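Quick notes on the structure that follows.
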Amino acid sequence: MCFYIDTTSNYLYTGISKDNLLLIERKLNFAHDLSTFALDEVRKMFLDAKVEPNDIDKIIVVNGPGSFTGIRIGVTIAKLFAFLLHKDITTVSSLEAMNVSNKEDKLHVPIINARRGYVFGAIYDKNEVVLPEQYITIEKLKLILMGLNKEYVYISNDVFNDLETVKYDPDILKIINTYKDRESINPHQVNPTYLKLTEAEENKMKDNL
Amino acid sequence: MIVDIKDIKKRYSELESLFPNVFTIGGIESDLENNPFSHYLVYMKNDSIIGFINYYDIYDRMEIANFNVLDDYQNEGIGNILLKRVIELSKGKENITLEVRCDNVKAIRLYEKYGFIKKAVRKNYYNGVDGLLMEMRLMKDVYVLGIESSCDETSFSIVKNGVEEIATVISSQIDIHKDYGGVVPEIASRAHVKNITFVIEELLEKSKMTMDEIDMVAVANGPGLIGSLLVGLEAAKTIAWLYNKPLIPVHHIAGHIYANNLVKRLEFPLICLVISGGHTELVYMDKDYSFKKLGGTLDDAVGECFDKVGKVMGVEYPAGPKIDKMAKIGSHTYDLPLPLNDDSYNFSFSGLKSAVINLVHNEEQRGNEINKEDLATSFQETVVEILAKKTVHAIVNYDVKNLILAGGVSANSGIRDRMKEISEARGINFTCPEIKYCTDNAAMVAAAGYYAYLDGRRADFTLNAKSSMELE
């Protein structure tokens, strides 16, 4: 059995799969209350599915990019789960999850609003990485897409003034099936991918230049 | 042989007739239908019922409602067997309670043998005879897992019965934040996630215990840096879920106060002076886990004041310990105002901070060199003076015989020495935490968690962290 958890946005996306079947899933928008409800919803999901935490063989945790606080909630739950119950665990990027879930036959451009004209974004052609995930201005991303000269679709949960986006609706079973055989990581090494230093670190680097 | 009466359905009336005057109207059948908590175990010998015990299994506790053995079979140990079975069935629960007639000496003796304790008397409970409420607490030794991540320390600890530290691990980020002249919240949150499983691993190794052996999880869920608090809180909720343990919310300052309980069991009533980087408060306690805030700082906390003054004097963050060292060398030569020198229990340190800054700037403009050691002494003695004055005021007005210190700044030797002096002069008890537990740690949270638990405090899985919350 596989347990999937993603708390990198305002949503809790979580599910449990068994032998290629999705036993149960939850897609809930908690706005700013994710930290209050995430673990309780996971707990209730296990109860509803009549699955014990110990029945799980592998954990797939989405470890960012996205909301810094949000990422930490899911990663903390998942790494403790894996560490304490000795479960296999692997990480998936939120942009990879967004790419896999969309079925359109175009370039997939998952983006997450990082404010001040920046996004966390990547470009995928099927499962092939065209542009690795990065912290990038929308303008620069547009230029790169122009240069590729292919049809593309922006996938996002966020709203942008000047971009047409397709809403992200995770296909949890497909994400699990795509990544469940990805190599397991020592739970100690399961950490968020922020793709961005903290402001204090950025300022310090500027000072040191 | 013990059987559940549900398994021998047709014999409800047999049991009722064997013990007349015991069962209410409608009898056992109606009780079982209407009360989902109620269970009856009967003791059978050669297919006849000779004793029974009726108990209520109410989630995390048990209540013995009725218990009797036929007169002809008394002294055969059948009561023991039935009672023991209920105690076995109560494994993992908090307690078993029961009500017994005060004059039923034999029964009371049996209950006491198994560890029941007399809790209260109910006057005339049995038509003229007093009823005695007895309780058996099931967790004889309570191991509390404490979790602390309010600021820049990731800490886990196991404390037994609120007083005995089994093991503690503290991962401090001080070396990271030093480069920024103070704690950077986002950096702190990131470090907590990175460190957390290493800290747990080390704790389990050090304590030679497993998570299964823990009785409950206590977590400091505020006040503090919200991003930091949330990492510890999610960890606490995850452990409580995975191991099916009660979750106990602990106020971070209550934790600091209970660091004293690891040195010496608190005695009440007491006055506690809480001094740290975020707090300066006088607290009155008349019993465990009951706090009355008498007053606090109106602006900067005392630890914050040490750091800011340190900055002006060119002392590296965290400045407190270094100023304390310098103060021992210098002498009190600079004149500084005693801040908020009134009859309230409140403090104010921003004025004192400004006075030091002005003093340094004025001297610099005049081309005079500041004697840093003397300034450190003058500053520290001014702080000690006002803290002592307000603390004495509280001791006298509340007529207490116990004074305790709590919080990171209670490691300051000038403050410790003065509080000890004050206490000795008045013949009252004084306790301060071990130096290593003055700053943030999970041992204090686990200790406080035990008393929060005894006070009946529990949280469900929707517990949230709060950056500010009152001590109550």
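Starting from 1 in every chain, residues are counted up; chains themselves are A, B, ... following the order of the structure tokens, and ligands are numbered from 1 as listed.
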
Report as CSV: every residue of chain A with an atom at most 8 Å from chain B, its closest pair of atoms, and their distance in Å to one decimal, counting only C-alpha atoms, with rows sorted by chain and ascending residue number.
residue,atom,partner,partner_atom,distance
A:Ser35,CA,B:Asn464,CA,6.9
A:Thr36,CA,B:Thr462,CA,4.9
A:Phe37,CA,B:Thr462,CA,5.4
A:Leu39,CA,B:Phe461,CA,6.8
A:Asp40,CA,B:Phe461,CA,5.1
A:Arg43,CA,B:Trp241,CA,7.1
A:Pro53,CA,B:Leu242,CA,6.8
A:Thr69,CA,B:Gly227,CA,6.4
A:Arg72,CA,B:Val193,CA,6.8
A:Ile73,CA,B:Glu234,CA,6.4
A:Val75,CA,B:Val193,CA,7.9
A:Thr76,CA,B:Ala235,CA,6.3
A:Ile77,CA,B:Thr238,CA,5.9
A:Lys79,CA,B:Thr197,CA,7.5
A:Leu80,CA,B:Thr197,CA,6.6
A:Phe81,CA,B:Thr238,CA,7.2
A:Phe83,CA,B:Thr197,CA,7.1
A:Pro187,CA,B:Thr197,CA,7.7
A:His188,CA,B:Thr197,CA,5.9
A:Gln189,CA,B:Lys194,CA,7.7
A:Asn191,CA,B:Lys194,CA,6.3
A:Thr198,CA,B:Glu186,CA,6.5
A:Ala200,CA,B:Val184,CA,7.2

Report the residues of range 29-154 of chain A whose backbone DSSP state falls under strand (DSSP E), written as an NGL selection string.
:A and (29 or 58-62 or 88-92 or 107-113 or 118-125 or 128-137 or 152-154)

Could you save those same residues with C-alpha atoms as a tab-separated table (two decimals), in the first residue's frame?
chain	number	residue	atom	x	y	z
A	29	ASN	CA	-8.94	23.50	0.45
A	58	LYS	CA	5.71	3.26	0.78
A	59	ILE	CA	5.16	6.95	1.38
A	60	ILE	CA	5.25	9.49	-1.41
A	61	VAL	CA	5.54	13.06	-0.13
A	62	VAL	CA	5.41	16.18	-2.25
A	88	ASP	CA	10.09	3.40	2.47
A	89	ILE	CA	9.72	7.00	1.44
A	90	THR	CA	10.38	9.03	-1.66
A	91	THR	CA	9.78	12.62	-2.69
A	92	VAL	CA	8.01	14.10	-5.70
A	107	LEU	CA	4.08	21.21	-23.35
A	108	HIS	CA	3.14	21.31	-19.68
A	109	VAL	CA	4.16	24.43	-17.77
A	110	PRO	CA	3.22	24.01	-14.10
A	111	ILE	CA	3.67	27.28	-12.20
A	112	ILE	CA	3.25	28.38	-8.58
A	113	ASN	CA	3.02	32.07	-7.73
A	118	TYR	CA	8.29	35.41	-9.96
A	119	VAL	CA	7.01	31.85	-10.14
A	120	PHE	CA	8.27	28.42	-9.25
A	121	GLY	CA	8.00	26.75	-12.63
A	122	ALA	CA	9.25	24.09	-15.03
A	123	ILE	CA	8.56	22.91	-18.56
A	124	TYR	CA	7.82	19.27	-19.37
A	125	ASP	CA	7.30	17.45	-22.65
A	128	GLU	CA	10.77	14.66	-20.12
A	129	VAL	CA	12.15	17.78	-18.47
A	130	VAL	CA	12.56	20.63	-20.96
A	131	LEU	CA	13.25	23.31	-18.33
A	132	PRO	CA	14.20	22.12	-14.84
A	133	GLU	CA	12.18	23.48	-11.94
A	134	GLN	CA	13.35	26.88	-10.82
A	135	TYR	CA	12.53	30.26	-9.30
A	136	ILE	CA	12.04	32.38	-12.40
A	137	THR	CA	10.32	35.58	-13.55
A	152	TYR	CA	1.92	24.77	-24.26
A	153	VAL	CA	-0.42	24.98	-21.29
A	154	TYR	CA	0.12	26.70	-17.95

Quick one, how far is CA of Leu34 in chain A from CA of Gly70 in chain A?
7.2 Å

To test your reading of the structure, identify every residue in range 2-204 of chain A that backbone DSSP assigns to alpha helix (DSSP H), and report it as a count of residues only.
66

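If you measure from each of A:Thr7, A:Ser101, A:Asn20, A:Asn161 to Gly117 in chain A using only C-alpha atoms, the closest one turns out to be A:Asn161.
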
Using only C-alpha atoms, find the one residue out of B:Asp417, B:Ser171, B:Lys140, B:Tyr453 that sits nearest to Gly115 in chain B.
B:Lys140

Show me, as a compact mmCIF listing (two decimals) with N, CA and C atoms, in the first residue's frame, the residues that have an atom within 9 Å of Ile214 in chain B when counting only C-alpha atoms, minus same-chain residues fewer than 4 positions from it.
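Saved the output as selection_4.txt:
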# COMPACT_ATOMS: atom_id res chain seq x y z
N VAL B 142 4.40 7.50 34.75
CA VAL B 142 3.95 8.15 33.52
C VAL B 142 5.16 8.73 32.80
N TYR B 143 5.40 8.24 31.60
CA TYR B 143 6.51 8.74 30.79
C TYR B 143 5.96 9.71 29.77
N VAL B 144 6.39 10.97 29.89
CA VAL B 144 5.90 12.00 28.98
C VAL B 144 6.99 12.34 27.97
N LEU B 145 6.60 12.30 26.69
CA LEU B 145 7.51 12.77 25.64
C LEU B 145 7.25 14.26 25.48
N ILE B 158 12.27 12.84 27.36
CA ILE B 158 11.35 11.96 28.07
C ILE B 158 11.54 12.20 29.56
N MET B 209 14.51 3.72 25.13
CA MET B 209 13.06 3.48 25.16
C MET B 209 12.54 3.48 23.72
N THR B 210 11.30 2.97 23.56
CA THR B 210 10.65 3.05 22.27
C THR B 210 9.45 3.98 22.40
N TYR B 243 1.02 6.32 17.40
CA TYR B 243 1.14 5.46 18.58
C TYR B 243 -0.07 5.53 19.50
N LYS B 245 -1.49 7.93 21.35
CA LYS B 245 -1.21 8.49 22.68
C LYS B 245 -1.97 9.81 22.85

Within 8 Å of range 273-282 of chain B using only C-alpha atoms, minus same-chain residues under 2 positions, as number ranges by chain
B: 253, 256-257, 271, 284, 293-297, 300-304, 345-347, 391, 394, 403-410

Extract, using only C-alpha atoms, all DNA, RNA and protein residues at most 10 Å from Lys126 in chain A, discarding same-chain residues fewer than 4 positions from it, and format them as a ChimeraX atom specification.
/A:99-100,102-108,130

Using only C-alpha atoms, which residues sit within 9 Å of Lys206 in chain B once same-chain residues fewer than 4 positions away are excluded, as a VMD selection string?
chain B and resid 166 to 169 201 to 202

File dump, residues just selected, N, CA and C atoms, as a short mmCIF file (atom, residue, chain, number, x, y, z; two decimals), in the first residue's frame:
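Once everything was written out, this is out.cif:
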data_model
loop_
_atom_site.label_atom_id
_atom_site.label_comp_id
_atom_site.auth_asym_id
_atom_site.auth_seq_id
_atom_site.Cartn_x
_atom_site.Cartn_y
_atom_site.Cartn_z
N ILE B 166 14.57 11.34 32.00
CA ILE B 166 15.15 10.08 31.48
C ILE B 166 16.23 10.41 30.45
N ALA B 167 15.88 11.27 29.49
CA ALA B 167 16.86 11.69 28.48
C ALA B 167 16.34 12.93 27.76
N THR B 168 17.26 13.77 27.34
CA THR B 168 16.89 14.98 26.61
C THR B 168 17.90 15.21 25.50
N VAL B 169 17.40 15.64 24.34
CA VAL B 169 18.29 16.02 23.25
C VAL B 169 17.91 17.42 22.80
N GLU B 201 15.92 10.29 16.89
CA GLU B 201 16.77 9.09 16.86
C GLU B 201 17.72 9.08 18.06
N GLU B 202 18.34 10.23 18.31
CA GLU B 202 19.29 10.32 19.42
C GLU B 202 18.57 10.14 20.76
#

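Computed from the coordinates, the CA of Asn10 in chain A to CA of Asn157 in chain A distance equals 9.0 Å.
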